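What follows is model23.txt (compact mmCIF, C-alpha atoms and all ligand atoms).
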```
# COMPACT_ATOMS: atom_id res chain seq x y z
CA MET A 19 -64.24 -119.20 94.29
CA TYR A 20 -65.93 -118.47 90.99
CA SER A 21 -69.70 -118.69 91.07
CA PRO A 22 -72.14 -118.01 88.24
CA GLU A 23 -73.84 -115.34 90.31
CA SER A 24 -70.67 -113.35 90.94
CA HIS A 25 -71.27 -110.73 88.24
CA PRO A 26 -74.83 -111.21 87.06
CA ALA A 27 -75.15 -107.88 85.29
CA LEU A 28 -72.45 -108.34 82.67
CA ARG A 29 -72.98 -109.38 79.04
CA ALA A 30 -69.76 -111.35 79.02
CA GLU A 31 -66.67 -111.59 81.17
CA ALA A 32 -63.48 -113.48 81.69
CA VAL A 33 -63.37 -114.31 85.39
CA VAL A 34 -59.81 -114.74 86.64
CA ASP A 35 -59.29 -116.61 89.90
CA LEU A 36 -56.32 -114.96 91.60
CA GLY A 37 -56.28 -117.74 94.18
CA ALA A 38 -55.58 -120.17 91.32
CA ILE A 39 -52.78 -117.91 90.05
CA ARG A 40 -51.19 -117.82 93.50
CA HIS A 41 -51.59 -121.58 93.86
CA ASN A 42 -49.91 -122.18 90.49
CA VAL A 43 -47.07 -119.77 91.24
CA ALA A 44 -46.50 -121.43 94.62
CA THR A 45 -46.50 -124.84 92.90
CA LEU A 46 -43.92 -123.63 90.36
CA ARG A 47 -41.92 -122.00 93.16
CA ALA A 48 -41.70 -125.38 94.90
CA VAL A 49 -40.81 -127.24 91.68
CA ALA A 50 -38.05 -124.71 90.95
CA GLY A 51 -36.23 -125.74 94.13
CA SER A 52 -33.15 -123.61 94.62
CA ALA A 53 -33.59 -121.78 91.31
CA GLN A 54 -35.30 -118.38 91.36
CA LEU A 55 -38.74 -118.05 89.75
CA MET A 56 -39.67 -115.60 86.99
CA THR A 57 -43.41 -115.42 86.27
CA VAL A 58 -43.92 -114.53 82.61
CA VAL A 59 -46.76 -112.02 82.11
CA LYS A 60 -46.27 -111.06 78.45
CA ALA A 61 -49.30 -110.32 76.26
CA ASP A 62 -51.40 -109.01 79.14
CA ALA A 63 -50.52 -112.06 81.22
CA TYR A 64 -51.68 -114.44 78.48
CA GLY A 65 -54.94 -112.50 78.40
CA HIS A 66 -55.50 -112.67 82.17
CA GLY A 67 -54.59 -109.05 83.00
CA LEU A 68 -51.02 -107.80 83.52
CA LEU A 69 -51.12 -106.03 86.88
CA PRO A 70 -53.49 -108.28 88.88
CA VAL A 71 -51.54 -111.36 87.77
CA ALA A 72 -48.14 -109.79 88.47
CA ARG A 73 -49.27 -108.74 91.96
CA ALA A 74 -50.64 -112.20 92.73
CA ALA A 75 -47.42 -113.76 91.43
CA ARG A 76 -45.26 -111.56 93.66
CA GLU A 77 -47.45 -112.45 96.66
CA ALA A 78 -46.96 -116.15 95.90
CA GLY A 79 -43.18 -115.87 95.70
CA ALA A 80 -42.19 -114.83 92.17
CA ASP A 81 -38.63 -113.43 92.40
CA TRP A 82 -38.82 -111.97 88.91
CA ILE A 83 -41.51 -110.90 86.48
CA GLY A 84 -40.89 -111.54 82.79
CA ALA A 85 -42.28 -109.39 79.99
CA ALA A 86 -41.66 -109.60 76.26
CA VAL A 87 -41.64 -105.90 75.37
CA ILE A 88 -40.63 -102.65 77.05
CA GLU A 89 -44.19 -101.29 77.13
CA GLU A 90 -45.18 -104.24 79.32
CA ALA A 91 -42.16 -103.84 81.61
CA LEU A 92 -42.82 -100.12 82.08
CA ALA A 93 -46.51 -100.78 82.74
CA LEU A 94 -45.42 -103.09 85.56
CA ARG A 95 -43.22 -100.35 87.05
CA ALA A 96 -46.01 -97.78 86.66
CA GLY A 97 -48.29 -100.26 88.44
CA GLY A 98 -45.98 -100.19 91.44
CA ASP A 99 -43.83 -103.29 90.88
CA THR A 100 -40.39 -102.47 92.27
CA GLY A 101 -38.92 -105.99 91.94
CA ARG A 102 -36.67 -107.52 89.34
CA ILE A 103 -38.20 -107.41 85.84
CA PHE A 104 -36.70 -108.95 82.69
CA CYS A 105 -37.75 -107.91 79.20
CA TRP A 106 -36.25 -109.48 76.09
CA LEU A 107 -37.72 -108.16 72.86
CA THR A 108 -36.58 -104.88 71.32
CA ALA A 109 -35.84 -103.68 67.80
CA PRO A 110 -32.78 -101.71 66.65
CA GLY A 111 -33.17 -98.00 67.33
CA GLU A 112 -35.85 -98.48 69.96
CA ASP A 113 -35.64 -96.03 72.87
CA LEU A 114 -34.16 -98.00 75.75
CA THR A 115 -33.63 -95.08 78.13
CA GLY A 116 -36.98 -95.48 79.88
CA ALA A 117 -36.37 -99.15 80.58
CA VAL A 118 -32.77 -98.61 81.68
CA ALA A 119 -33.75 -95.71 83.95
CA ALA A 120 -36.51 -97.91 85.42
CA GLY A 121 -33.99 -100.62 86.24
CA ILE A 122 -35.44 -103.20 83.87
CA ASP A 123 -33.09 -106.08 82.95
CA LEU A 124 -32.80 -106.30 79.16
CA SER A 125 -31.45 -108.81 76.65
CA ALA A 126 -28.80 -108.58 73.96
CA SER A 127 -28.20 -111.07 71.16
CA ALA A 128 -25.67 -109.07 69.15
CA PRO A 129 -23.03 -106.35 69.57
CA TRP A 130 -25.47 -103.65 68.42
CA GLY A 131 -27.62 -104.52 71.41
CA ILE A 132 -24.69 -103.88 73.76
CA ASP A 133 -23.95 -100.57 71.98
CA GLU A 134 -27.54 -99.41 72.32
CA LEU A 135 -27.70 -100.40 75.98
CA SER A 136 -24.41 -98.60 76.65
CA ALA A 137 -25.77 -95.48 74.97
CA ALA A 138 -28.96 -95.64 77.05
CA ALA A 139 -26.92 -96.13 80.22
CA ARG A 140 -24.77 -93.11 79.34
CA ALA A 141 -27.85 -91.00 78.58
CA THR A 142 -29.52 -91.87 81.86
CA GLY A 143 -26.40 -91.87 84.04
CA THR A 144 -27.06 -95.44 85.20
CA THR A 145 -25.79 -98.95 84.55
CA ALA A 146 -27.80 -101.14 82.17
CA ARG A 147 -28.30 -104.73 83.31
CA VAL A 148 -28.09 -107.15 80.40
CA HIS A 149 -28.64 -110.85 79.87
CA LEU A 150 -26.65 -112.21 76.93
CA LYS A 151 -28.68 -114.53 74.75
CA ILE A 152 -27.25 -117.63 73.12
CA ASP A 153 -29.24 -119.41 70.41
CA THR A 154 -29.09 -123.04 71.51
CA GLY A 155 -31.43 -124.37 68.84
CA MET A 156 -34.67 -122.37 68.75
CA SER A 157 -33.29 -120.22 65.90
CA ARG A 158 -35.18 -117.21 67.18
CA ALA A 159 -33.13 -114.52 68.98
CA GLY A 160 -29.68 -115.15 70.39
CA ALA A 161 -26.14 -115.21 69.11
CA THR A 162 -25.23 -118.39 67.26
CA PRO A 163 -22.43 -120.39 68.88
CA ASP A 164 -20.12 -118.90 66.23
CA GLU A 165 -21.10 -115.34 67.17
CA TRP A 166 -21.08 -116.00 70.91
CA PRO A 167 -17.42 -115.28 71.86
CA GLU A 168 -17.56 -111.92 70.08
CA LEU A 169 -20.77 -110.94 71.90
CA VAL A 170 -19.28 -111.95 75.24
CA ARG A 171 -16.06 -109.99 74.58
CA ILE A 172 -17.93 -106.83 73.58
CA ALA A 173 -20.23 -107.09 76.59
CA ARG A 174 -17.22 -107.58 78.87
CA ALA A 175 -15.54 -104.50 77.44
CA ALA A 176 -18.73 -102.47 78.03
CA GLU A 177 -18.90 -103.82 81.57
CA ALA A 178 -15.36 -102.58 82.19
CA THR A 179 -16.54 -99.02 81.40
CA GLY A 180 -19.28 -99.32 84.05
CA LEU A 181 -22.10 -98.78 81.57
CA ILE A 182 -23.19 -102.41 81.48
CA GLU A 183 -23.63 -105.06 84.12
CA ILE A 184 -23.84 -108.60 82.72
CA ALA A 185 -26.55 -110.14 84.90
CA GLY A 186 -27.31 -113.27 82.96
CA ILE A 187 -26.75 -115.74 80.17
CA TRP A 188 -29.93 -117.14 78.75
CA SER A 189 -31.65 -119.10 76.02
CA HIS A 190 -35.01 -120.69 75.18
CA LEU A 191 -36.15 -124.29 74.67
CA ALA A 192 -37.86 -125.25 71.40
CA LEU A 193 -39.27 -128.66 72.39
CA ALA A 194 -39.93 -128.52 76.12
CA ASP A 195 -43.51 -129.60 75.43
CA ASP A 196 -41.93 -132.97 74.58
CA PRO A 197 -39.56 -133.44 77.53
CA LYS A 198 -38.15 -136.77 76.31
CA ASN A 199 -37.11 -135.36 72.95
CA PRO A 200 -33.30 -135.47 72.55
CA VAL A 201 -33.31 -131.91 71.17
CA ASN A 202 -33.78 -130.74 74.77
CA ASP A 203 -30.52 -132.40 75.81
CA GLN A 204 -28.74 -130.98 72.77
CA GLN A 205 -29.93 -127.48 73.67
CA LEU A 206 -28.77 -127.91 77.27
CA GLU A 207 -25.35 -129.01 76.02
CA VAL A 208 -25.00 -125.99 73.76
CA PHE A 209 -26.12 -123.79 76.65
CA GLN A 210 -23.59 -125.28 79.06
CA ALA A 211 -20.84 -124.84 76.45
CA ALA A 212 -21.79 -121.16 76.05
CA VAL A 213 -21.73 -120.69 79.82
CA ASP A 214 -18.29 -122.34 79.96
CA ASP A 215 -16.95 -120.25 77.07
CA ALA A 216 -18.16 -117.08 78.76
CA ALA A 217 -16.51 -118.12 82.03
CA ALA A 218 -13.25 -118.69 80.17
CA LEU A 219 -13.57 -115.08 78.94
CA GLY A 220 -14.08 -113.89 82.52
CA VAL A 221 -17.90 -113.59 82.39
CA ARG A 222 -19.71 -115.51 85.16
CA PRO A 223 -23.08 -113.81 85.68
CA PRO A 224 -25.36 -114.86 88.55
CA PHE A 225 -28.38 -115.84 86.43
CA ARG A 226 -28.22 -118.62 83.84
CA HIS A 227 -31.71 -119.42 82.56
CA ILE A 228 -33.35 -121.44 79.81
CA ALA A 229 -36.47 -123.17 81.25
CA ASN A 230 -40.03 -122.27 80.22
CA SER A 231 -43.06 -124.04 81.77
CA GLY A 232 -42.23 -127.37 80.18
CA GLY A 233 -38.62 -127.21 81.34
CA THR A 234 -39.59 -126.05 84.81
CA LEU A 235 -42.09 -128.90 85.26
CA ARG A 236 -40.36 -131.81 83.55
CA LEU A 237 -36.67 -131.02 82.88
CA PRO A 238 -34.90 -130.38 86.20
CA ALA A 239 -31.56 -130.22 84.35
CA SER A 240 -32.82 -127.03 82.68
CA HIS A 241 -33.41 -125.11 85.91
CA PHE A 242 -29.94 -123.53 86.39
CA ASP A 243 -30.32 -120.33 88.50
CA LEU A 244 -33.72 -119.14 87.31
CA VAL A 245 -36.80 -120.59 85.58
CA ARG A 246 -39.27 -118.66 83.40
CA PRO A 247 -42.67 -120.37 83.33
CA GLY A 248 -45.53 -118.61 81.58
CA VAL A 249 -48.49 -120.77 80.61
CA ALA A 250 -48.37 -122.97 83.75
CA THR A 251 -48.94 -119.84 85.85
CA TYR A 252 -52.42 -119.70 84.34
CA GLY A 253 -53.14 -123.33 85.18
CA LEU A 254 -52.71 -124.54 81.61
CA SER A 255 -50.55 -127.48 80.61
CA PRO A 256 -47.57 -126.80 78.34
CA PHE A 257 -47.82 -130.46 77.28
CA GLY A 258 -51.18 -130.25 75.50
CA ARG A 259 -53.32 -133.31 76.12
CA ALA A 260 -50.33 -135.46 77.16
CA ILE A 261 -50.28 -134.23 80.78
CA THR A 262 -53.31 -132.52 82.32
CA PRO A 263 -53.21 -129.46 84.59
CA THR A 264 -54.47 -131.65 87.45
CA GLU A 265 -51.58 -134.07 86.95
CA LEU A 266 -49.23 -131.10 87.14
CA GLY A 267 -50.87 -129.77 90.31
CA LEU A 268 -52.16 -126.69 88.46
CA ARG A 269 -55.57 -124.99 88.50
CA PRO A 270 -56.89 -123.25 85.36
CA ALA A 271 -57.44 -119.62 86.37
CA MET A 272 -59.81 -118.29 83.73
CA THR A 273 -63.51 -118.87 83.18
CA LEU A 274 -65.00 -117.25 80.07
CA ARG A 275 -68.71 -116.79 80.35
CA ALA A 276 -71.52 -114.75 78.82
CA ARG A 277 -75.28 -114.50 78.91
CA LEU A 278 -77.56 -115.39 76.03
CA SER A 279 -78.81 -112.13 74.59
CA VAL A 280 -81.59 -113.64 72.45
CA VAL A 281 -83.38 -116.99 72.54
CA LYS A 282 -85.86 -117.93 69.82
CA ARG A 283 -87.78 -120.86 68.39
CA VAL A 284 -87.21 -121.58 64.69
CA SER A 285 -88.70 -124.14 62.34
CA ALA A 286 -86.99 -127.01 60.52
CA GLY A 287 -84.99 -125.88 57.51
CA THR A 288 -83.87 -122.56 59.00
CA GLY A 289 -80.45 -121.35 57.84
CA ILE A 290 -78.22 -120.09 60.64
CA SER A 291 -75.67 -117.24 60.44
CA TYR A 292 -73.60 -116.08 57.44
CA GLY A 293 -73.51 -118.48 54.56
CA HIS A 294 -76.18 -120.72 56.09
CA THR A 295 -73.51 -123.34 56.74
CA TYR A 296 -75.90 -124.81 59.32
CA VAL A 297 -79.54 -125.53 58.56
CA THR A 298 -81.85 -126.86 61.26
CA THR A 299 -83.31 -130.31 60.65
CA ALA A 300 -86.19 -129.98 63.12
CA PRO A 301 -87.97 -127.22 65.03
CA THR A 302 -85.44 -126.04 67.58
CA THR A 303 -84.40 -123.24 69.91
CA ILE A 304 -81.49 -121.00 68.90
CA GLY A 305 -79.56 -118.97 71.47
CA LEU A 306 -77.45 -115.92 70.63
CA LEU A 307 -74.09 -115.71 72.35
CA PRO A 308 -72.89 -112.08 72.40
CA LEU A 309 -69.25 -112.96 71.64
CA GLY A 310 -67.51 -113.36 68.29
CA TYR A 311 -64.15 -113.23 66.60
CA GLY A 312 -63.87 -109.55 67.52
CA ASP A 313 -63.67 -110.77 71.10
CA GLY A 314 -61.14 -113.48 70.26
CA ILE A 315 -63.53 -116.38 69.69
CA PRO A 316 -61.75 -118.20 66.86
CA ARG A 317 -63.73 -118.18 63.61
CA HIS A 318 -61.98 -121.49 62.97
CA ALA A 319 -64.19 -122.88 65.76
CA SER A 320 -67.35 -122.23 63.71
CA GLY A 321 -69.61 -125.25 64.12
CA ALA A 322 -67.17 -126.76 66.63
CA GLY A 323 -66.62 -124.53 69.67
CA PRO A 324 -67.99 -126.19 72.82
CA VAL A 325 -70.20 -124.30 75.30
CA TRP A 326 -72.01 -125.21 78.46
CA VAL A 327 -75.59 -124.03 78.89
CA ALA A 328 -78.06 -125.04 81.59
CA GLY A 329 -75.92 -127.93 82.72
CA GLU A 330 -75.37 -129.35 79.24
CA ARG A 331 -72.62 -129.23 76.67
CA ARG A 332 -73.57 -127.71 73.34
CA THR A 333 -71.64 -126.78 70.23
CA LEU A 334 -71.63 -123.52 68.33
CA VAL A 335 -73.57 -123.78 65.07
CA GLY A 336 -73.08 -121.80 61.87
CA ARG A 337 -70.32 -119.28 61.40
CA VAL A 338 -68.83 -117.32 64.26
CA CYS A 339 -69.54 -113.63 63.45
CA MET A 340 -67.50 -110.62 64.58
CA ASP A 341 -69.59 -109.94 67.68
CA GLN A 342 -71.94 -112.88 67.98
CA SER A 343 -72.20 -116.65 67.71
CA LEU A 344 -75.11 -119.07 67.74
CA ILE A 345 -76.00 -122.15 69.76
CA ASP A 346 -78.61 -124.79 68.92
CA LEU A 347 -80.36 -125.45 72.23
CA GLY A 348 -82.69 -128.15 70.93
CA ASP A 349 -85.86 -128.32 73.02
CA ASP A 350 -84.22 -127.12 76.22
CA ASP A 351 -86.12 -124.53 78.19
CA VAL A 352 -83.48 -121.81 78.24
CA GLN A 353 -84.32 -118.16 78.82
CA PRO A 354 -82.59 -115.02 77.52
CA GLY A 355 -79.91 -114.05 80.03
CA ALA A 356 -79.03 -117.67 80.78
CA GLU A 357 -75.39 -118.28 81.54
CA VAL A 358 -73.14 -119.73 78.83
CA VAL A 359 -69.74 -120.94 79.96
CA LEU A 360 -67.31 -121.23 77.04
CA PHE A 361 -64.50 -122.60 79.16
CA GLY A 362 -63.42 -122.93 82.75
CA PRO A 363 -61.47 -125.29 84.97
CA GLY A 364 -63.84 -128.09 83.93
CA ASP A 365 -64.97 -128.88 87.48
CA ARG A 366 -68.67 -128.34 86.75
CA GLY A 367 -68.63 -130.16 83.42
CA GLU A 368 -67.93 -127.03 81.40
CA PRO A 369 -65.47 -127.19 78.47
CA THR A 370 -61.82 -126.33 79.06
CA VAL A 371 -59.36 -124.11 77.23
CA ASP A 372 -57.87 -127.30 75.75
CA ASP A 373 -61.30 -128.25 74.36
CA TRP A 374 -61.39 -124.88 72.59
CA ALA A 375 -57.84 -125.33 71.34
CA ASP A 376 -58.87 -128.64 69.78
CA ALA A 377 -62.01 -127.12 68.26
CA ALA A 378 -60.00 -124.30 66.66
CA GLY A 379 -56.94 -126.32 65.67
CA THR A 380 -54.61 -124.35 67.93
CA ILE A 381 -52.98 -124.48 71.38
CA ASN A 382 -54.34 -123.48 74.78
CA TYR A 383 -51.88 -120.54 74.88
CA GLU A 384 -53.57 -118.88 71.91
CA ILE A 385 -57.15 -119.33 73.15
CA VAL A 386 -56.61 -117.26 76.31
CA THR A 387 -54.10 -114.80 74.83
CA ARG A 388 -56.32 -113.81 71.91
CA LEU A 389 -59.28 -112.81 74.11
CA GLY A 390 -60.07 -109.27 73.08
CA ALA A 391 -60.07 -106.00 75.01
CA ARG A 392 -63.88 -105.91 74.70
CA VAL A 393 -64.23 -108.78 77.18
CA PRO A 394 -63.95 -107.37 80.69
CA ARG A 395 -61.62 -109.24 83.01
CA THR A 396 -63.07 -109.57 86.46
CA TYR A 397 -61.22 -111.02 89.42
CA VAL A 398 -62.26 -113.33 92.18
CA ASP A 399 -59.98 -113.85 95.09
CA PRO A 400 -61.09 -116.55 97.49
CA ALA A 401 -58.63 -115.35 100.15
CA ARG A 402 -59.99 -111.80 99.99
CA THR A 403 -63.30 -110.20 99.13
CA GLU A 404 -65.34 -111.88 96.44
CA GLY A 405 -65.76 -110.33 93.05
CA VAL A 406 -63.12 -107.62 92.87
CA THR A 407 -63.26 -105.85 89.51
CA GLY A 408 -59.93 -104.72 88.14
C1 LIG A 501 -43.17 -117.06 76.43
C2 LIG A 501 -41.83 -117.23 76.97
C3 LIG A 501 -41.62 -117.95 78.16
C4 LIG A 501 -42.73 -118.72 78.84
O1 LIG A 501 -43.08 -119.83 78.03
P1 LIG A 501 -44.22 -120.86 78.51
O2 LIG A 501 -44.16 -121.94 77.51
O3 LIG A 501 -45.50 -120.10 78.47
O4 LIG A 501 -43.87 -121.28 79.88
C5 LIG A 501 -40.35 -117.99 78.68
N1 LIG A 501 -39.33 -117.35 78.07
C6 LIG A 501 -39.48 -116.69 76.91
C7 LIG A 501 -38.32 -116.03 76.27
C8 LIG A 501 -40.73 -116.62 76.30
O5 LIG A 501 -40.87 -115.98 75.14
```

Can you dump the structure from the file as structure tokens?
Amino acid sequence: MYSPESHPALRAEAVVDLGAIRHNVATLRAVAGSAQLMTVVKADAYGHGLLPVARAAREAGADWIGAAVIEEALALRAGGDTGRIFCWLTAPGEDLTGAVAAGIDLSASAPWGIDELSAAARATGTTARVHLKIDTGMSRAGATPDEWPELVRIARAAEATGLIEIAGIWSHLALADDPKNPVNDQQLEVFQAAVDDAAALGVRPPFRHIANSGGTLRLPASHFDLVRPGVATYGLSPFGRAITPTELGLRPAMTLRARLSVVKRVSAGTGISYGHTYVTTAPTTIGLLPLGYGDGIPRHASGAGPVWVAGERRTLVGRVCMDQSLIDLGDDDVQPGAEVVLFGPGDRGEPTVDDWADAAGTINYEIVTRLGARVPRTYVDPARTEGVTG
């Protein structure tokens, strides 16, 4: 388990509990029932670290790993992942040969996507596995229902040449964070119609998938053959404040902490940080947190971001700078080097990722994903040795 003493020498770190990741993946695995489970690790596993998270997910039963872009998928292969990997975001003209040769499942939303995959398959002497995407109402990628039959026909023709294998039909939910919203049912209807149309054209791939975390946890009708949860893997709720991680059986995996690099006494009337947006009203103690927007601390959380110091909740004061932020510690006896927890599971009274999302006017997803490369990720694994650095 995480303990404040685990890495006492660091300035700042994001401690990722791999036991929590495995617990969350196992929870999602159970919720998925007979559907397969794809753990989504895009954007450096939502800031938690691509390879350690993917390994933990495989150990806990992830059948697939999901990545947004080819660089992520190839990094997984280079890291030794030999399992099924799906990657869905490419641009026209992008080199697909590496991904096809590495056996990555890719997506196509339009005939040009099938053409490019066929060309990559020809160039590498392999078959490209493709999942055909239908836009069921997100209006992001995917063929519209009007374009769908044409995409299916072209993919089927490419499959007949042996260059393409149609492995899936898939889509994405726009309102799964609001499971009772009728748009979810509408999307599922459009999806089912696309599946039926494809079947009528002779295309019946083994993997039909549309569920993200919200769908996996609260819309069983969206499970089909495979579910693709991302944020829940990290112990964060896809439902915002409406349903807590605890209620979902999830454990937040990341604790962001740092050590005060300067502590000083200032008099009343002292202006703090750029613009002097905060001026002390009494003699007080100011602590310097060595993290700023260059590390992913939202500048929008200036004067609002919650922190936990010496067993008490405090709020950032003055503007968040690029590398540093400030805390008014009042008359507390706090020494330089003292631990500051920005967020964690909340068990000890520390703020949570959702508290930071509220303070910055954003969602929990963004708070963890935006953490910068300058913050080392360290790993604790209760089932193994403590304090593995990765
Ligand atoms: C991000 C993403 C997911 C996971 O979404 P969560 O809300 O984090 O569960 C699944 N599928 C696709 C296509 C995505 O882009």

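Taking only C-alpha atoms and all ligand atoms into account, every polymer residue with at least one atom at most 8 Å away from ligand LIG 501 (chain A) is listed here: Val58, Lys60, Gly84, Ala86, Trp106, Ser189, His190, Ala194, Asp195, Ile228, Ala229, Asn230, Ser231, Gly232, Arg246, Pro247, Gly248, Val249, Ala250, Thr251, Pro256 and Tyr383 of chain A.
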
Using only C-alpha atoms, pick whichever of A:Ala30, A:Ile345, A:Ala192, A:Ile385 has the shortest atom-to-atom distance to Leu206 of chain A.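 Distance minimum relative to Leu206 of chain A lands on A:Ala192.
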
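Closest approach to Asp373 of chain A among A:Gly390, A:Leu254, A:Thr154, A:Glu265: A:Leu254, based on all atoms listed in the file.
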
Find the residues around Ala161 of chain A up to 12 Å (only C-alpha atoms counted), leave out those fewer than 4 positions away in its own chain, and share them as a PyMOL selection string. chain A and resi 125-131+149-157+165-170+187-189+208-209+212

Atomic separation - atom CA of Ser279 of chain A relative to atom CA of Ser320 of chain A, Å: 18.8 Å

Padding 8 Å on every side, please: axis-aligned box over the listed atoms of segment 56-68 of chain A, centre and edge lengths to one decimal in Å, as lines of an AutoDock Vina configuration file.
```
center_x = -47.6
center_y = -111.7
center_z = 81.6
size_x = 31.8
size_y = 23.8
size_z = 26.7
```

So which residues touch Asp113 of chain A within 9 Å, counting all atoms listed in the file, skipping near sequence neighbours fewer than 4 positions away, as a VMD selection string? chain A and resid 117 134 138

Would you write out those residues with C-alpha atoms, as a PDB file, in the frame of the given file?
```
ATOM      1  CA  ALA A 117     -36.370 -99.150  80.580  1.00  0.00           C
ATOM      2  CA  GLU A 134     -27.540 -99.410  72.320  1.00  0.00           C
ATOM      3  CA  ALA A 138     -28.960 -95.640  77.050  1.00  0.00           C
TER       4      ALA A 138
END
```
